Amino acid sequence: MSFLVNLALGLLFGAGLVVSGMSDPAKVLNFLDLAGTWDPSLAFVMGGAVLVAFVGYRLVLSRGRPINAESFHLPTRNDIDLRVTAGPAVFGLGWGLGGFCPGPALTALGLGATGTLAFVPAMLLGMWAARLLADGGLRSRTA
């Protein structure tokens, strides 16, 4: 049952990405182009997302435990290190250059959008490389 709930929520999320224009890299790149063809509409999308997430977190965390799990899995660390700063920087560079982040890229792949056939494999390779580096690289896997 949990799988079906997660599938339905993922499909709802993907539909929201399509309706909001987040799966269109041109719209995203126009939002980032302040000196050219700036399109401020994604600010409303992001503002709405922050508002919904804020209210959602407050409602969900006020419960004793999640509906489909024994406990919440929240981060326990609050220090700032290289991973906390470099990860978002690389993410932002990729978003600014390609107009995609992971969720919208996978949604656009399903829509057959151009550019995703190159972007998604590169993104997956980058995720794999980041995980490999975080785990200590190839040397620690073979030792």
# chains A, B, ... in the order shown; residues from 1 in each chain; ligands from 1
$ residues_around --residues "segment 17-27 of chain A" --least-positions-apart "4" --cutoff "7 Å" --atoms "only C-alpha atoms" --output "VMD selection string"
chain A and resid 13 31 45 98 to 100 104 to 105 107 to 108
$ write_last_selection --atoms "all heavy atoms" --output "PDB file, in the first residue's frame"
ATOM      1  N   PHE A  13       3.170  15.236  -7.814  1.00  0.00           N
ATOM      2  CA  PHE A  13       4.314  16.155  -7.840  1.00  0.00           C
ATOM      3  C   PHE A  13       4.732  16.440  -9.278  1.00  0.00           C
ATOM      4  O   PHE A  13       4.951  17.588  -9.661  1.00  0.00           O
ATOM      5  CB  PHE A  13       5.479  15.561  -7.035  1.00  0.00           C
ATOM      6  CG  PHE A  13       6.705  16.418  -7.012  1.00  0.00           C
ATOM      7  CD1 PHE A  13       6.742  17.588  -6.272  1.00  0.00           C
ATOM      8  CD2 PHE A  13       7.839  16.043  -7.717  1.00  0.00           C
ATOM      9  CE1 PHE A  13       7.879  18.377  -6.242  1.00  0.00           C
ATOM     10  CE2 PHE A  13       8.983  16.829  -7.698  1.00  0.00           C
ATOM     11  CZ  PHE A  13       8.996  17.994  -6.954  1.00  0.00           C
ATOM     12  N   PHE A  31      13.780  32.871 -16.078  1.00  0.00           N
ATOM     13  CA  PHE A  31      13.668  33.369 -14.712  1.00  0.00           C
ATOM     14  C   PHE A  31      15.029  33.828 -14.183  1.00  0.00           C
ATOM     15  O   PHE A  31      15.127  34.816 -13.455  1.00  0.00           O
ATOM     16  CB  PHE A  31      13.091  32.280 -13.801  1.00  0.00           C
ATOM     17  CG  PHE A  31      13.122  32.631 -12.341  1.00  0.00           C
ATOM     18  CD1 PHE A  31      12.271  33.598 -11.832  1.00  0.00           C
ATOM     19  CD2 PHE A  31      14.003  32.014 -11.481  1.00  0.00           C
ATOM     20  CE1 PHE A  31      12.300  33.934 -10.486  1.00  0.00           C
ATOM     21  CE2 PHE A  31      14.040  32.334 -10.137  1.00  0.00           C
ATOM     22  CZ  PHE A  31      13.176  33.297  -9.639  1.00  0.00           C
ATOM     23  N   VAL A  45       5.746  30.455  -8.170  1.00  0.00           N
ATOM     24  CA  VAL A  45       5.752  29.002  -8.017  1.00  0.00           C
ATOM     25  C   VAL A  45       6.594  28.622  -6.800  1.00  0.00           C
ATOM     26  O   VAL A  45       6.164  27.840  -5.945  1.00  0.00           O
ATOM     27  CB  VAL A  45       6.290  28.311  -9.289  1.00  0.00           C
ATOM     28  CG1 VAL A  45       6.511  26.822  -9.062  1.00  0.00           C
ATOM     29  CG2 VAL A  45       5.352  28.540 -10.460  1.00  0.00           C
ATOM     30  N   GLY A  98      21.687  24.409 -17.207  1.00  0.00           N
ATOM     31  CA  GLY A  98      20.815  23.511 -17.946  1.00  0.00           C
ATOM     32  C   GLY A  98      19.339  23.831 -17.850  1.00  0.00           C
ATOM     33  O   GLY A  98      18.546  23.397 -18.670  1.00  0.00           O
ATOM     34  N   GLY A  99      18.949  24.588 -16.821  1.00  0.00           N
ATOM     35  CA  GLY A  99      17.540  24.892 -16.640  1.00  0.00           C
ATOM     36  C   GLY A  99      16.755  23.759 -16.010  1.00  0.00           C
ATOM     37  O   GLY A  99      15.528  23.806 -15.954  1.00  0.00           O
ATOM     38  N   PHE A 100      17.454  22.742 -15.540  1.00  0.00           N
ATOM     39  CA  PHE A 100      16.799  21.586 -14.925  1.00  0.00           C
ATOM     40  C   PHE A 100      17.373  21.317 -13.549  1.00  0.00           C
ATOM     41  O   PHE A 100      18.549  21.570 -13.288  1.00  0.00           O
ATOM     42  CB  PHE A 100      17.052  20.308 -15.734  1.00  0.00           C
ATOM     43  CG  PHE A 100      16.176  20.129 -16.927  1.00  0.00           C
ATOM     44  CD1 PHE A 100      16.733  19.866 -18.163  1.00  0.00           C
ATOM     45  CD2 PHE A 100      14.799  20.175 -16.828  1.00  0.00           C
ATOM     46  CE1 PHE A 100      15.941  19.659 -19.273  1.00  0.00           C
ATOM     47  CE2 PHE A 100      13.995  19.976 -17.929  1.00  0.00           C
ATOM     48  CZ  PHE A 100      14.571  19.721 -19.159  1.00  0.00           C
ATOM     49  N   PRO A 104      12.209  18.018 -12.104  1.00  0.00           N
ATOM     50  CA  PRO A 104      11.731  18.451 -13.419  1.00  0.00           C
ATOM     51  C   PRO A 104      12.431  17.762 -14.583  1.00  0.00           C
ATOM     52  O   PRO A 104      11.820  17.543 -15.629  1.00  0.00           O
ATOM     53  CB  PRO A 104      12.032  19.952 -13.413  1.00  0.00           C
ATOM     54  CG  PRO A 104      11.988  20.330 -11.978  1.00  0.00           C
ATOM     55  CD  PRO A 104      12.563  19.146 -11.250  1.00  0.00           C
ATOM     56  N   ALA A 105      13.697  17.392 -14.428  1.00  0.00           N
ATOM     57  CA  ALA A 105      14.401  16.704 -15.514  1.00  0.00           C
ATOM     58  C   ALA A 105      13.769  15.341 -15.780  1.00  0.00           C
ATOM     59  O   ALA A 105      13.556  14.968 -16.934  1.00  0.00           O
ATOM     60  CB  ALA A 105      15.881  16.539 -15.175  1.00  0.00           C
ATOM     61  N   THR A 107      10.710  14.505 -15.041  1.00  0.00           N
ATOM     62  CA  THR A 107       9.382  14.776 -15.585  1.00  0.00           C
ATOM     63  C   THR A 107       9.479  15.108 -17.066  1.00  0.00           C
ATOM     64  O   THR A 107       8.700  14.605 -17.884  1.00  0.00           O
ATOM     65  CB  THR A 107       8.720  15.936 -14.827  1.00  0.00           C
ATOM     66  OG1 THR A 107       8.634  15.597 -13.447  1.00  0.00           O
ATOM     67  CG2 THR A 107       7.336  16.227 -15.360  1.00  0.00           C
ATOM     68  N   ALA A 108      10.429  15.965 -17.428  1.00  0.00           N
ATOM     69  CA  ALA A 108      10.606  16.349 -18.830  1.00  0.00           C
ATOM     70  C   ALA A 108      11.045  15.159 -19.678  1.00  0.00           C
ATOM     71  O   ALA A 108      10.689  15.071 -20.850  1.00  0.00           O
ATOM     72  CB  ALA A 108      11.617  17.490 -18.939  1.00  0.00           C
TER      73      ALA A 108
END
$ residues_around --residues "Met127 of chain A" --least-positions-apart "3" --cutoff "12 Å" --atoms "only C-alpha atoms" --output "short mmCIF file (atom, residue, chain, number, x, y, z; two decimals) with N, CA and C atoms, in the first residue's frame"
data_model
loop_
_atom_site.label_atom_id
_atom_site.label_comp_id
_atom_site.auth_asym_id
_atom_site.auth_seq_id
_atom_site.Cartn_x
_atom_site.Cartn_y
_atom_site.Cartn_z
N GLY A 87 27.62 21.18 -2.30
CA GLY A 87 26.49 20.51 -2.95
C GLY A 87 25.50 21.51 -3.55
N VAL A 90 27.05 23.39 -6.61
CA VAL A 90 27.06 22.60 -7.84
C VAL A 90 25.64 22.45 -8.39
N PHE A 91 24.68 22.23 -7.50
CA PHE A 91 23.28 22.14 -7.91
C PHE A 91 22.85 23.43 -8.60
N CYS A 101 16.56 20.77 -12.68
CA CYS A 101 17.02 20.10 -11.48
C CYS A 101 16.41 18.70 -11.53
N PRO A 102 16.76 17.79 -10.63
CA PRO A 102 16.40 16.39 -10.81
C PRO A 102 14.92 16.10 -11.05
N VAL A 120 19.77 14.04 -18.36
CA VAL A 120 19.47 13.03 -17.33
C VAL A 120 20.61 12.02 -17.14
N PRO A 121 21.19 11.45 -18.20
CA PRO A 121 22.34 10.57 -17.95
C PRO A 121 23.52 11.29 -17.29
N ALA A 122 23.79 12.54 -17.68
CA ALA A 122 24.87 13.29 -17.05
C ALA A 122 24.56 13.55 -15.58
N MET A 123 23.30 13.84 -15.27
CA MET A 123 22.88 14.06 -13.89
C MET A 123 23.06 12.78 -13.07
N LEU A 124 22.63 11.65 -13.61
CA LEU A 124 22.77 10.38 -12.89
C LEU A 124 24.23 10.01 -12.69
N ALA A 130 29.28 11.65 -7.07
CA ALA A 130 29.22 12.31 -5.76
C ALA A 130 29.10 11.28 -4.64
N ARG A 131 28.29 10.27 -4.85
CA ARG A 131 28.14 9.21 -3.84
C ARG A 131 29.45 8.45 -3.67
N LEU A 132 30.12 8.18 -4.79
CA LEU A 132 31.40 7.47 -4.76
C LEU A 132 32.43 8.28 -3.97
N LEU A 133 32.50 9.58 -4.23
CA LEU A 133 33.44 10.44 -3.51
C LEU A 133 33.10 10.51 -2.02
N ALA A 134 31.82 10.60 -1.72
CA ALA A 134 31.40 10.69 -0.31
C ALA A 134 31.73 9.41 0.45
#
$ residues_around --residues "Leu4 of chain A" --least-positions-apart "6" --cutoff "12 Å" --atoms "only C-alpha atoms" --output "list in words"
Gly10, Leu11 and Asn68 of chain A
$ select_by_dssp --residues "segment 9-126 of chain A" --states "alpha helix (DSSP H)" --output "ChimeraX atom specification"
/A:9-20,25-32,41-61,82-98,102-111,116-126
$ residues_around --residues "Asn30 of chain A" --least-positions-apart "5" --cutoff "9 Å" --atoms "only C-alpha atoms" --output "MDAnalysis selection string"
chainID A and resid 25 36:40 99
$ write_last_selection --atoms "C-alpha atoms" --output "PDB file, in the first residue's frame"
ATOM      1  CA  PRO A  25      14.139  24.665 -19.098  1.00  0.00           C
ATOM      2  CA  GLY A  36      17.423  39.866 -20.637  1.00  0.00           C
ATOM      3  CA  THR A  37      14.125  38.064 -21.013  1.00  0.00           C
ATOM      4  CA  TRP A  38      13.368  37.863 -17.302  1.00  0.00           C
ATOM      5  CA  ASP A  39      10.196  35.919 -16.440  1.00  0.00           C
ATOM      6  CA  PRO A  40       9.254  36.451 -12.770  1.00  0.00           C
ATOM      7  CA  GLY A  99      17.540  24.892 -16.640  1.00  0.00           C
TER       8      GLY A  99
END
$ closest_residue --among "A:Leu109, A:Thr116, A:Ala86, A:Asp135" --to "Gly14 of chain A" --atoms "only C-alpha atoms"
A:Leu109
$ atom_distance --atom1 "atom CA of Trp95 of chain A" --atom2 "atom CA of Leu34 of chain A"
15.1 Å
$ atom_distance --atom1 "atom CA of Arg63 of chain A" --atom2 "atom CA of Ala8 of chain A"
22.2 Å
$ atom_distance --atom1 "atom CA of Leu106 of chain A" --atom2 "atom CA of Leu59 of chain A"
28.7 Å
$ residues_around --residues "Ser71 of chain A" --least-positions-apart "6" --cutoff "12 Å" --atoms "only C-alpha atoms" --output "ChimeraX atom specification"
/A:60-61,63-65
$ write_last_selection --atoms "all heavy atoms" --output "mmCIF file, in the first residue's frame"
data_model
loop_
_atom_site.group_PDB
_atom_site.id
_atom_site.type_symbol
_atom_site.label_atom_id
_atom_site.label_comp_id
_atom_site.auth_asym_id
_atom_site.auth_seq_id
_atom_site.Cartn_x
_atom_site.Cartn_y
_atom_site.Cartn_z
ATOM 1 N N VAL A 60 2.526 18.043 9.807
ATOM 2 C CA VAL A 60 3.028 16.675 9.904
ATOM 3 C C VAL A 60 3.847 16.470 11.176
ATOM 4 O O VAL A 60 3.691 15.468 11.879
ATOM 5 C CB VAL A 60 3.855 16.312 8.647
ATOM 6 C CG1 VAL A 60 4.627 15.027 8.852
ATOM 7 C CG2 VAL A 60 2.955 16.210 7.438
ATOM 8 N N LEU A 61 4.721 17.415 11.487
ATOM 9 C CA LEU A 61 5.580 17.246 12.664
ATOM 10 C C LEU A 61 4.820 17.417 13.979
ATOM 11 O O LEU A 61 5.339 17.067 15.035
ATOM 12 C CB LEU A 61 6.768 18.208 12.596
ATOM 13 C CG LEU A 61 7.768 17.905 11.469
ATOM 14 C CD1 LEU A 61 8.876 18.939 11.451
ATOM 15 C CD2 LEU A 61 8.335 16.507 11.588
ATOM 16 N N ARG A 63 2.265 15.726 14.625
ATOM 17 C CA ARG A 63 1.833 14.359 14.924
ATOM 18 C C ARG A 63 2.930 13.643 15.711
ATOM 19 O O ARG A 63 4.087 14.005 15.649
ATOM 20 C CB ARG A 63 1.560 13.585 13.637
ATOM 21 C CG ARG A 63 0.486 14.194 12.745
ATOM 22 C CD ARG A 63 0.350 13.422 11.453
ATOM 23 N NE ARG A 63 0.231 11.991 11.647
ATOM 24 C CZ ARG A 63 -0.921 11.346 11.835
ATOM 25 N NH1 ARG A 63 -2.040 12.019 11.853
ATOM 26 N NH2 ARG A 63 -0.939 10.036 12.002
ATOM 27 N N GLY A 64 2.582 12.613 16.392
ATOM 28 C CA GLY A 64 3.565 11.842 17.141
ATOM 29 C C GLY A 64 4.512 11.054 16.248
ATOM 30 O O GLY A 64 5.684 10.879 16.565
ATOM 31 N N ARG A 65 3.984 10.575 15.115
ATOM 32 C CA ARG A 65 4.791 9.778 14.186
ATOM 33 C C ARG A 65 4.152 9.855 12.803
ATOM 34 O O ARG A 65 2.982 10.204 12.668
ATOM 35 C CB ARG A 65 4.933 8.342 14.655
ATOM 36 C CG ARG A 65 3.661 7.531 14.610
ATOM 37 C CD ARG A 65 3.918 6.093 15.095
ATOM 38 N NE ARG A 65 2.838 5.204 14.736
ATOM 39 C CZ ARG A 65 2.720 4.557 13.580
ATOM 40 N NH1 ARG A 65 3.634 4.694 12.651
ATOM 41 N NH2 ARG A 65 1.692 3.775 13.338
#
